[in-house]
Amino acid sequence: MSALDTSTYRQREESITYQAEPAGMGETHELLTLNIGPHHPATHGVLRLLTTMEGEVVRDVRPIIGYVHTGIEKTAEQKAYWKVIPVIERMDYLSYYFNAMAFCGAVEDLLEVEVPERAQYLRVIHLELDRIMSHMVWLGTSALDLGAISMFWYCFRERETILDLFEMSSGQRMHTRYIQVGGVIEDIPRGFAAKLRQFCKEMPTRADQYADMLEKNQIVLERLRGTCALPAEELLKIGVTGPLLRAAGNPWDLRKAAPYSSYDKFDFKIPVGTVGDNYDRYRVRHAEIYESVKIIEQAIEGLPEGPFITPDRKVALPPRHELATSMEALIHHFKLVTEGFRVPPGESYYPIEGPRGELGCFVRADGSGKPARVHMRDPSFTHLQALAPMVKDAYLADMIATLAMLDPILGGIDR
Amino acid sequence: MEIKRETLDPSDFRVRQLQARDMLRGDLQGEELEKFVEQSVMTTTVEKAVAWSQGNSIYPMTFGLACCAIEMMSIVAARVDIARFGWEAFRASPRQADLLILSGRVSVKMAPVIRRIYDQMLEPKWAISMGACCSSMGVFNNYALVPSDKFMPIDVHVPGCPPRPEALMHGILRLRDKIHGHPPDGWRERYDAVGTEEVLTPEHERGSQSDGAINVFPGGDTAGA
Amino acid sequence: MPDATGLELTAHELRESDADSILGTEFRRHRAVLLVSPQHVPAVLKHLYGKGYTFLASLHGVDYYPEEPRLGVLYELMDMHEVDRISVKARVSTQDPRIPTVTPLFPGADFPEREVYDMFGVVFEGHPDMRRILMPEDFEGFPQRRDFPVGGEPVLFTYNEETGYGKYQ
């Protein structure tokens with residue numbers, strides 16, 4: 001195992017001294033401030049990093065954000081509640097189902113409306129598919145950052161299969177506005193379950209193949225093992241949740257701790273790391289893929305019959321066949337489409353477990369048809385604060401690898 | 001056995017092959033030689049040849065801003081393969097790239113950066129504005145975004161939110177047609193709608209901020225949808 | 001979430017230590033909110049930290065126009081051992097929008113406080129780096145306030161149609 005023992009590698013590195021001593025001027029620290037980004041191939045989105053380096057070692061990094069700031073929260077105040085859903089989905093653009101779920105959960109909490117069980121199961125299926133898809137994109141782009149370029153094509157092949165499933169159920173590949181207040185917008189079509197089962201059969205083998213490709217590679221291991229670890233207490237002080245916290249050893253997952261949307265009916269495990277270095281972060285996310293596949297299989301097997309959206313006509317549109325016969329249905333349909341539903345005054349904060357961590361939505365309603373304040377608590381925004389402690393005194397290449405393993409999504413950070 | 005003799009049409013391929021063989025033996029002279037050269041050699045202008053080669057080997061720049069970037073990554077992926085057209089060499093440096101695919105929303109903070117990068121690209125360069133957010137304001141018509149037409153010239157706008165990879169390919173192929181010198185008709189020519197343009201007046205130029213709009217909604221406002 | 005009585009007990013404890021810190025409590029359907037006077041926010045959060053609410057889930061601002069005081073800052077705290085959440089709300093007016101920072105206690109409040117400053121104009125005293133985070137540095141105005149116009153462009157493409165396409169001239 002000595003070849004894989006990276007500590008000796010680092011020791012060998014340290015034995016070579018790089019102390020630059022400018023002739024006759026005494027010892028000085030040559031600090032170079034390098035501006036990485038906002039346009040740079042290795043950043044995940046437009047992130048600007050002001051890196052202060054001494055040679056190749058990073059001493060300090062200051063992230064500067066705001067380059068994709070879209071004013072989503074301000075725009076959401078101008079739209080009726082169901083029109084906010086497409087706007088809010090575009091925040092964290094890889095986990096769009098989660099954005100919609102957090103918002104719809106908050107509004108359902110304010111409206112005190114019950115989500116039928118079939119809708120909950122359908123939501124879980126799509127949320128877990130979205131989680132796998134987000135991890136696929138993360139894996140592909142992270143491997144691209146590390147230099148393992150072929151992983152990109154394999155991961156995007158899986159992503160295409162998942163997007164086909166999304167297209168089957170909602171008609172859109174990305175930003176599907178499938179999750180609505182009270183349930184989901186439509187029931188799954190014929191053929192969806194078969195295709196989903198086919199996907200669930202293939203996905204674990206594919207994930208095994210990705211593990212084989214990356215984990216037996218000496219270069220990947222040496223770049224990820226032992227680099228940029230941060231203990232769980234530090235992460236908790238910063239407010240980090242999700243796979244980063246689980247990699248550091250703290251098994252905190254909102255799906256188990258505070259189950260929502262019938263997650264407590266499914267049997268799945270939480271992958272937890274030990275050291276909290278980049279390798280653990282990679283492994284935790286990779287292992288989550290298998291658990292998500294398990295959840296999807298259980299959900300599609302146990303999918304109950306019933307309505308796919310709440311039967312409360314004041315919140316959800318009535319089914320179209322009723323419009324021809326029932327006058328109340330017509331009036332409800334008319335009122336919902338023209339005015340939208342009104343939410344009684346109140347505030348609600350609804351957190352869920354997104355692929356990156358705790359994704360929460362705060363909604364303040366003032367009794368009208370438009371929200372008075374929508375705030376999305378995005379996990380990547382908080383995690384970016386952890387970058388500086390993580391990469392202190394690490395090499396620049398380690399910083400790039402850490403940024404990849406951090407999985408920041410600038411849409412969520414900048415909102 | 002009867003042998004039928006038929007005279008072949010002189011534009012027949014077999015005839016041309018035999019003529020070529022004759023020419024190589026030095027048998028074709030004068031007018032026949034000229035005709036032969038016309039048939040088998042392609043002549044064009046240098047501009048057209050250069051445009052043809054430029055259009056077939058563009059180096060796009062990796063410029064992903066937001067959600068459209070993920071769909072742009074999927075045209076590099078295997079299902080909709082941009083390498084079929086020779087465009088797979090995504091360069092990170094603007095000095096090495098021809099094409100700026102603006103994929104995603106352009107915020108106020110990012111616009112000068114994009115302009116700077118566009119200026120750093122060398123001639124000839126093109127720009128595709130991918131998605132609704134940078135072409136027009138998209139889903140978010142608010143203070144934080146800038147439509148890309150305002151600060152740089154764009155050749156092709158690709159609508160969609162996000163545009164399917166096939167839609168982006170369509171936009172890319174239209175750009176390729178433009179580069180090759182035969183740009184497709186704009187929609188106004190195709191649908192015979194020339195003359196229906198709205199002309200921007202100075203009030204419009206300043207944008208809706210000049211209204212001094214106070215958008216404060218009292219509780220109980222019903223204008224929902 | 002502490003139930004209504006738990007919330008009142010917590011409020012009572014806090015009032016005992018400092019009489020004018022808690023201005024009120026709200027409890028609605030599993031959500032417990034402590035209304036705190038702005039200057040006492042760090043003390044209240046420290047007390048709650050001692051009671052187990054060691055995780056700051058979210059720090060965000062709300063504009064309560066037209067009710068005064070207008071700008072509110074909410075702190076969503078979570079107790080990971082009991083799986084409990086509690087919210088702390090502090091409201092300031094636009095005339096004097098200052099709240100002491102909680103970054104010594106929760107280092108992760110750094111970016112969210114900058115965002116509240118950027119969007120609402122609430123100045124956090126003692127913050128190590130109080131400047132705009134999402135908008136450009138020289139932006140004037142606080143966008144998320146309710147009386148800030150949404151802005152936007154009238155959508156007309158004719159700018160390009162008039163001047164024509166083509167390679168960059």
# chains A, B, ... in the order shown; residues from 1 in each chain; ligands from 1
$ select_by_dssp --residues "stretch 216-395 of chain A" --states "strand (DSSP E or B)" --output "number ranges by chain"
A: 309, 346-353, 358-365, 373-377, 394-395
$ write_last_selection --atoms "N, CA and C atoms" --output "tab-separated table (two decimals), in the first residue's frame"
chain	number	residue	atom	x	y	z
A	309	ILE	N	-52.70	15.60	-7.32
A	309	ILE	CA	-52.61	16.96	-6.79
A	309	ILE	C	-53.73	17.09	-5.77
A	346	GLY	N	-48.68	35.25	6.66
A	346	GLY	CA	-47.85	34.41	7.53
A	346	GLY	C	-46.48	34.27	6.92
A	347	GLU	N	-45.61	33.61	7.66
A	347	GLU	CA	-44.25	33.37	7.18
A	347	GLU	C	-43.95	31.90	7.36
A	348	SER	N	-43.16	31.36	6.46
A	348	SER	CA	-42.84	29.95	6.57
A	348	SER	C	-41.46	29.71	6.02
A	349	TYR	N	-40.72	28.86	6.68
A	349	TYR	CA	-39.40	28.46	6.20
A	349	TYR	C	-39.42	26.96	6.03
A	350	TYR	N	-39.18	26.48	4.82
A	350	TYR	CA	-39.30	25.06	4.54
A	350	TYR	C	-37.97	24.54	4.04
A	351	PRO	N	-37.23	23.76	4.85
A	351	PRO	CA	-35.95	23.25	4.38
A	351	PRO	C	-36.07	21.82	3.87
A	352	ILE	N	-35.34	21.52	2.80
A	352	ILE	CA	-35.29	20.15	2.30
A	352	ILE	C	-33.82	19.81	2.05
A	353	GLU	N	-33.59	18.54	1.79
A	353	GLU	CA	-32.22	18.10	1.56
A	353	GLU	C	-31.97	18.09	0.06
A	358	GLU	N	-28.64	21.72	2.66
A	358	GLU	CA	-29.97	22.16	3.08
A	358	GLU	C	-30.43	23.29	2.19
A	359	LEU	N	-31.46	23.02	1.44
A	359	LEU	CA	-32.05	24.03	0.58
A	359	LEU	C	-33.35	24.45	1.24
A	360	GLY	N	-33.44	25.70	1.62
A	360	GLY	CA	-34.63	26.13	2.32
A	360	GLY	C	-35.29	27.27	1.57
A	361	CYS	N	-36.60	27.38	1.75
A	361	CYS	CA	-37.31	28.48	1.12
A	361	CYS	C	-38.11	29.21	2.17
A	362	PHE	N	-37.93	30.50	2.24
A	362	PHE	CA	-38.69	31.33	3.17
A	362	PHE	C	-39.70	32.10	2.36
A	363	VAL	N	-40.96	31.97	2.72
A	363	VAL	CA	-42.01	32.70	2.01
A	363	VAL	C	-42.77	33.54	3.02
A	364	ARG	N	-42.95	34.78	2.71
A	364	ARG	CA	-43.81	35.63	3.53
A	364	ARG	C	-45.01	35.99	2.69
A	365	ALA	N	-46.18	35.67	3.20
A	365	ALA	CA	-47.40	35.97	2.47
A	365	ALA	C	-48.13	37.09	3.18
A	373	ARG	N	-42.39	38.08	0.05
A	373	ARG	CA	-40.94	37.90	0.08
A	373	ARG	C	-40.69	36.43	-0.15
A	374	VAL	N	-39.81	36.14	-1.08
A	374	VAL	CA	-39.38	34.76	-1.26
A	374	VAL	C	-37.87	34.77	-1.11
A	375	HIS	N	-37.37	33.97	-0.22
A	375	HIS	CA	-35.91	33.89	-0.07
A	375	HIS	C	-35.53	32.42	-0.12
A	376	MET	N	-34.58	32.09	-0.95
A	376	MET	CA	-34.10	30.73	-1.02
A	376	MET	C	-32.79	30.65	-0.26
A	377	ARG	N	-32.75	29.79	0.70
A	377	ARG	CA	-31.49	29.58	1.42
A	377	ARG	C	-30.73	28.56	0.61
A	394	ALA	N	-2.70	24.97	0.86
A	394	ALA	CA	-2.70	23.85	-0.08
A	394	ALA	C	-2.21	24.37	-1.42
A	395	TYR	N	-1.91	23.47	-2.33
A	395	TYR	CA	-1.45	23.89	-3.63
A	395	TYR	C	-2.60	24.42	-4.46
$ residues_around --residues "stretch 55-61 of chain B" --least-positions-apart "2" --cutoff "7 Å" --atoms "only C-alpha atoms" --output "short mmCIF file (atom, residue, chain, number, x, y, z; two decimals) with N, CA and C atoms, in the first residue's frame"
data_model
loop_
_atom_site.label_atom_id
_atom_site.label_comp_id
_atom_site.auth_asym_id
_atom_site.auth_seq_id
_atom_site.Cartn_x
_atom_site.Cartn_y
_atom_site.Cartn_z
N ALA B 51 -14.06 31.16 -46.14
CA ALA B 51 -15.29 31.12 -45.32
C ALA B 51 -15.74 29.69 -45.11
N TRP B 52 -15.59 28.87 -46.14
CA TRP B 52 -15.99 27.47 -45.99
C TRP B 52 -15.17 26.79 -44.91
N SER B 53 -13.87 27.03 -44.94
CA SER B 53 -13.06 26.35 -43.94
C SER B 53 -13.26 26.94 -42.56
N PHE B 63 -17.95 29.47 -22.40
CA PHE B 63 -18.50 30.61 -21.69
C PHE B 63 -19.86 30.27 -21.14
N PHE B 85 -19.53 18.42 -36.56
CA PHE B 85 -19.35 19.56 -37.43
C PHE B 85 -17.98 20.16 -37.28
N GLY B 86 -17.18 19.56 -36.47
CA GLY B 86 -15.81 20.04 -36.33
C GLY B 86 -15.65 21.12 -35.30
N TRP B 87 -16.64 21.29 -34.41
CA TRP B 87 -16.59 22.41 -33.49
C TRP B 87 -16.27 21.99 -32.07
N ALA B 89 -13.54 21.71 -30.42
CA ALA B 89 -12.37 22.22 -29.69
C ALA B 89 -12.75 23.48 -28.94
N PHE B 90 -13.29 23.29 -27.75
CA PHE B 90 -13.65 24.44 -26.94
C PHE B 90 -12.39 25.00 -26.30
N ARG B 91 -12.07 26.22 -26.62
CA ARG B 91 -10.88 26.84 -26.07
C ARG B 91 -11.28 27.73 -24.91
N ALA B 92 -10.45 27.77 -23.91
CA ALA B 92 -10.77 28.62 -22.78
C ALA B 92 -10.25 30.03 -22.98
N PRO B 94 -9.71 33.55 -24.79
CA PRO B 94 -10.37 34.28 -25.87
C PRO B 94 -9.47 34.53 -27.06
N ALA B 97 -10.10 31.63 -29.51
CA ALA B 97 -11.45 31.20 -29.83
C ALA B 97 -12.05 32.12 -30.88
N ASP B 98 -13.00 31.54 -31.66
CA ASP B 98 -13.69 32.33 -32.67
C ASP B 98 -15.06 32.76 -32.23
N LEU B 99 -15.68 31.88 -31.46
CA LEU B 99 -17.11 32.01 -31.26
C LEU B 99 -17.39 32.12 -29.79
N LEU B 100 -18.20 33.09 -29.44
CA LEU B 100 -18.60 33.26 -28.05
C LEU B 100 -20.04 32.82 -27.94
N ILE B 101 -20.27 31.68 -27.31
CA ILE B 101 -21.67 31.26 -27.11
C ILE B 101 -22.07 31.77 -25.73
N ARG B 176 -23.34 28.75 -39.15
CA ARG B 176 -22.40 28.21 -40.13
C ARG B 176 -22.81 28.62 -41.53
N ILE B 179 -21.73 32.10 -42.04
CA ILE B 179 -20.29 32.22 -42.28
C ILE B 179 -19.96 31.80 -43.69
N HIS B 180 -20.66 30.78 -44.18
CA HIS B 180 -20.38 30.32 -45.53
C HIS B 180 -20.85 31.27 -46.58
#
$ residues_around --residues "stretch 38-44 of chain C" --least-positions-apart "4" --cutoff "12 Å" --atoms "only C-alpha atoms" --output "ChimeraX atom specification"
/C:10-23,34,48-51,53,69,71-75,77,86-93,96-106,109,122-126
$ write_last_selection --atoms "N, CA and C atoms" --output "compact mmCIF listing (two decimals), in the first residue's frame"
# COMPACT_ATOMS: atom_id res chain seq x y z
N THR C 10 -38.69 29.82 26.77
CA THR C 10 -37.44 30.40 26.28
C THR C 10 -37.50 31.92 26.35
N ALA C 11 -38.63 32.47 25.94
CA ALA C 11 -38.77 33.92 25.98
C ALA C 11 -38.67 34.43 27.40
N HIS C 12 -39.29 33.67 28.31
CA HIS C 12 -39.25 34.08 29.72
C HIS C 12 -37.81 34.09 30.23
N GLU C 13 -37.07 33.03 29.87
CA GLU C 13 -35.66 32.99 30.32
C GLU C 13 -34.90 34.18 29.80
N LEU C 14 -35.14 34.49 28.53
CA LEU C 14 -34.38 35.60 27.96
C LEU C 14 -34.78 36.91 28.60
N ARG C 15 -36.07 37.05 28.92
CA ARG C 15 -36.49 38.30 29.56
C ARG C 15 -35.89 38.42 30.94
N GLU C 16 -35.68 37.26 31.57
CA GLU C 16 -35.07 37.33 32.91
C GLU C 16 -33.66 37.87 32.84
N SER C 17 -32.92 37.46 31.82
CA SER C 17 -31.53 37.92 31.78
C SER C 17 -31.46 39.37 31.34
N ASP C 18 -32.32 39.75 30.43
CA ASP C 18 -32.27 41.14 29.98
C ASP C 18 -33.69 41.55 29.63
N ALA C 19 -34.23 42.45 30.42
CA ALA C 19 -35.68 42.65 30.39
C ALA C 19 -36.20 43.14 29.06
N ASP C 20 -35.46 43.96 28.35
CA ASP C 20 -36.06 44.55 27.15
C ASP C 20 -35.57 43.91 25.87
N SER C 21 -35.05 42.67 25.96
CA SER C 21 -34.53 42.10 24.72
C SER C 21 -35.64 41.51 23.87
N ILE C 22 -36.58 40.81 24.52
CA ILE C 22 -37.61 40.14 23.74
C ILE C 22 -38.81 41.06 23.60
N LEU C 23 -39.18 41.33 22.38
CA LEU C 23 -40.32 42.20 22.16
C LEU C 23 -41.60 41.41 21.95
N LEU C 34 -39.03 34.39 17.76
CA LEU C 34 -38.80 35.31 18.86
C LEU C 34 -38.54 36.68 18.28
N LEU C 48 -29.30 31.24 23.01
CA LEU C 48 -29.89 30.10 22.33
C LEU C 48 -28.83 29.09 21.94
N TYR C 49 -27.65 29.59 21.61
CA TYR C 49 -26.53 28.69 21.31
C TYR C 49 -26.24 27.81 22.52
N GLY C 50 -26.29 28.45 23.70
CA GLY C 50 -26.06 27.66 24.91
C GLY C 50 -27.15 26.63 25.13
N LYS C 51 -28.36 26.92 24.66
CA LYS C 51 -29.45 25.97 24.86
C LYS C 51 -29.45 24.87 23.81
N TYR C 53 -29.10 25.43 20.22
CA TYR C 53 -29.35 25.84 18.83
C TYR C 53 -28.03 26.34 18.25
N PRO C 69 -41.40 48.99 12.28
CA PRO C 69 -40.16 49.25 11.57
C PRO C 69 -40.02 48.34 10.36
N LEU C 71 -37.54 47.16 8.05
CA LEU C 71 -36.65 46.09 7.60
C LEU C 71 -36.48 45.06 8.69
N GLY C 72 -36.71 43.82 8.35
CA GLY C 72 -36.55 42.76 9.33
C GLY C 72 -35.41 41.86 8.92
N VAL C 73 -34.71 41.35 9.92
CA VAL C 73 -33.66 40.37 9.65
C VAL C 73 -34.04 39.12 10.42
N LEU C 74 -34.06 38.00 9.74
CA LEU C 74 -34.46 36.76 10.39
C LEU C 74 -33.28 35.83 10.52
N TYR C 75 -33.18 35.21 11.66
CA TYR C 75 -32.14 34.22 11.91
C TYR C 75 -32.84 32.89 12.15
N LEU C 77 -32.43 29.31 13.35
CA LEU C 77 -31.48 28.49 14.10
C LEU C 77 -31.99 27.07 14.17
N ILE C 86 -35.77 27.20 15.57
CA ILE C 86 -36.36 28.39 16.18
C ILE C 86 -35.89 29.58 15.35
N SER C 87 -36.74 30.57 15.24
CA SER C 87 -36.38 31.74 14.45
C SER C 87 -36.31 32.95 15.34
N VAL C 88 -35.39 33.83 15.00
CA VAL C 88 -35.24 35.08 15.75
C VAL C 88 -35.42 36.21 14.75
N LYS C 89 -36.28 37.14 15.08
CA LYS C 89 -36.55 38.22 14.14
C LYS C 89 -36.18 39.54 14.79
N ALA C 90 -35.49 40.38 14.05
CA ALA C 90 -35.15 41.71 14.54
C ALA C 90 -35.58 42.71 13.48
N ARG C 91 -36.25 43.76 13.90
CA ARG C 91 -36.74 44.73 12.92
C ARG C 91 -36.11 46.07 13.16
N VAL C 92 -35.66 46.69 12.09
CA VAL C 92 -35.06 48.02 12.17
C VAL C 92 -35.77 48.90 11.17
N SER C 93 -35.64 50.20 11.40
CA SER C 93 -36.27 51.13 10.46
C SER C 93 -35.22 51.58 9.46
N ASP C 96 -32.49 54.15 10.77
CA ASP C 96 -31.35 53.72 11.57
C ASP C 96 -31.17 52.22 11.40
N PRO C 97 -30.72 51.78 10.22
CA PRO C 97 -30.71 50.35 9.95
C PRO C 97 -29.44 49.66 10.43
N ARG C 98 -29.24 49.58 11.73
CA ARG C 98 -28.00 48.97 12.21
C ARG C 98 -28.32 47.83 13.16
N ILE C 99 -27.61 46.74 12.98
CA ILE C 99 -27.73 45.59 13.88
C ILE C 99 -26.32 45.09 14.14
N PRO C 100 -26.00 44.73 15.38
CA PRO C 100 -24.67 44.15 15.61
C PRO C 100 -24.56 42.79 14.92
N THR C 101 -23.34 42.49 14.47
CA THR C 101 -23.13 41.28 13.70
C THR C 101 -23.05 40.05 14.59
N VAL C 102 -23.34 38.91 14.02
CA VAL C 102 -23.22 37.66 14.78
C VAL C 102 -22.08 36.81 14.25
N THR C 103 -21.20 37.39 13.42
CA THR C 103 -20.11 36.60 12.87
C THR C 103 -19.13 36.05 13.90
N PRO C 104 -18.91 36.70 15.06
CA PRO C 104 -18.04 36.01 16.03
C PRO C 104 -18.60 34.69 16.49
N LEU C 105 -19.93 34.62 16.60
CA LEU C 105 -20.54 33.38 17.08
C LEU C 105 -20.72 32.37 15.94
N PHE C 106 -21.21 32.86 14.80
CA PHE C 106 -21.43 32.02 13.64
C PHE C 106 -20.61 32.57 12.48
N ALA C 109 -22.14 33.45 9.05
CA ALA C 109 -23.06 34.54 8.79
C ALA C 109 -22.42 35.63 7.95
N VAL C 122 -29.26 47.09 5.47
CA VAL C 122 -29.07 46.95 6.90
C VAL C 122 -27.58 46.83 7.17
N VAL C 123 -27.03 47.73 7.98
CA VAL C 123 -25.60 47.71 8.25
C VAL C 123 -25.35 46.86 9.48
N PHE C 124 -24.47 45.91 9.37
CA PHE C 124 -24.15 45.04 10.51
C PHE C 124 -22.88 45.56 11.15
N GLU C 125 -23.01 46.08 12.35
CA GLU C 125 -21.84 46.68 13.00
C GLU C 125 -20.89 45.60 13.46
N GLY C 126 -19.61 45.82 13.13
CA GLY C 126 -18.63 44.85 13.56
C GLY C 126 -18.35 43.78 12.53
$ interface_residues --of "chain A" --to "chain B" --cutoff "8 Å" --atoms "only C-alpha atoms" --output "PDB file with C-alpha atoms, in the first residue's frame"
ATOM      1  CA  HIS A  39     -14.184  33.477 -16.822  1.00  0.00           C
ATOM      2  CA  HIS A  40     -11.997  30.481 -16.260  1.00  0.00           C
ATOM      3  CA  PRO A  41     -12.351  26.906 -17.438  1.00  0.00           C
ATOM      4  CA  GLY A  45     -19.932  29.016 -13.321  1.00  0.00           C
ATOM      5  CA  VAL A  46     -18.783  32.585 -13.088  1.00  0.00           C
ATOM      6  CA  GLY A  66     -22.556  38.342  -8.063  1.00  0.00           C
ATOM      7  CA  TYR A  67     -21.761  37.750 -11.712  1.00  0.00           C
ATOM      8  CA  VAL A  68     -24.978  35.832 -12.344  1.00  0.00           C
ATOM      9  CA  HIS A  69     -27.155  37.796  -9.964  1.00  0.00           C
ATOM     10  CA  THR A  70     -30.569  37.692 -11.555  1.00  0.00           C
ATOM     11  CA  GLY A  71     -32.820  39.291  -8.983  1.00  0.00           C
ATOM     12  CA  ILE A  72     -34.876  36.110  -8.803  1.00  0.00           C
ATOM     13  CA  THR A  75     -38.986  38.992  -9.659  1.00  0.00           C
ATOM     14  CA  LYS A  79     -45.697  37.066  -9.858  1.00  0.00           C
ATOM     15  CA  ALA A  80     -48.633  35.023  -8.655  1.00  0.00           C
ATOM     16  CA  LYS A  83     -45.975  31.691 -11.636  1.00  0.00           C
ATOM     17  CA  VAL A  87     -38.847  31.669 -11.782  1.00  0.00           C
ATOM     18  CA  ARG A  90     -33.969  28.670 -12.357  1.00  0.00           C
ATOM     19  CA  TYR A  93     -30.116  25.268 -12.151  1.00  0.00           C
ATOM     20  CA  LEU A  94     -29.058  21.686 -11.598  1.00  0.00           C
ATOM     21  CA  PHE A 152     -17.612  13.823 -18.961  1.00  0.00           C
ATOM     22  CA  TRP A 153     -19.124  11.892 -21.857  1.00  0.00           C
ATOM     23  CA  PHE A 156     -23.657  13.015 -19.633  1.00  0.00           C
ATOM     24  CA  ARG A 157     -24.909   9.838 -21.235  1.00  0.00           C
ATOM     25  CA  GLU A 160     -29.506  12.205 -21.120  1.00  0.00           C
ATOM     26  CA  ARG A 173     -35.830  18.511 -20.074  1.00  0.00           C
ATOM     27  CA  MET A 174     -34.781  21.185 -17.634  1.00  0.00           C
ATOM     28  CA  VAL A 337     -56.216  31.025 -13.873  1.00  0.00           C
ATOM     29  CA  THR A 338     -56.996  34.706 -13.760  1.00  0.00           C
ATOM     30  CA  GLU A 339     -56.288  35.632 -10.176  1.00  0.00           C
ATOM     31  CA  GLY A 340     -54.491  32.717  -8.668  1.00  0.00           C
ATOM     32  CA  ASP A 366     -49.482  39.050   3.039  1.00  0.00           C
ATOM     33  CA  GLY A 367     -52.897  37.805   2.029  1.00  0.00           C
ATOM     34  CA  SER A 368     -52.680  38.703  -1.636  1.00  0.00           C
ATOM     35  CA  GLY A 369     -52.100  36.545  -4.673  1.00  0.00           C
ATOM     36  CA  LYS A 370     -48.394  37.328  -4.832  1.00  0.00           C
ATOM     37  CA  LEU A 410     -23.342  29.863  -9.103  1.00  0.00           C
ATOM     38  CA  GLY A 411     -26.997  30.208  -9.945  1.00  0.00           C
TER      39      GLY A 411
END
$ interface_residues --of "chain C" --to "chain A" --cutoff "9 Å" --atoms "only C-alpha atoms" --output "ChimeraX atom specification"
/C:28-29,31,54-64,76,80,83,105-112,133-136,143-146,150
$ residues_around --residues "stretch 399-406 of chain A" --least-positions-apart "2" --cutoff "9 Å" --atoms "only C-alpha atoms" --output "PyMOL selection string"
chain A and resi 42-44+58+138-139+141-143+145-146+223-224+227-228+243-244+277-279+281-282+356+380+383-384+386-387+390-392+394-397+408
$ closest_residue --among "B:Ala193, B:Pro153, B:Arg188, B:Gly171" --to "chain C" --atoms "only C-alpha atoms"
B:Pro153
$ residues_around --residues "stretch 208-220 of chain A" --least-positions-apart "6" --cutoff "9 Å" --atoms "only C-alpha atoms" --output "list in words"
Ala3, Leu4, Ala143, Leu146, Gly147, Ala148, Met151, Tyr154, Cys155, Tyr279, Arg283 and His286 of chain A
$ atom_distance --atom1 "atom CA of B:Tyr118" --atom2 "atom CA of B:Gln96"
11.6 Å
$ atom_distance --atom1 "atom CA of A:Thr52" --atom2 "atom CA of C:Met119"
28.6 Å
$ residues_around --residues "B:Lys150" --least-positions-apart "2" --cutoff "10 Å" --atoms "only C-alpha atoms" --output "list in words"
Ala111, Cys134, Ser135, Ser136, Val146, Pro147, Ser148, Met152, Pro153 and Ile154 of chain B; Tyr159 and Asn160 of chain C
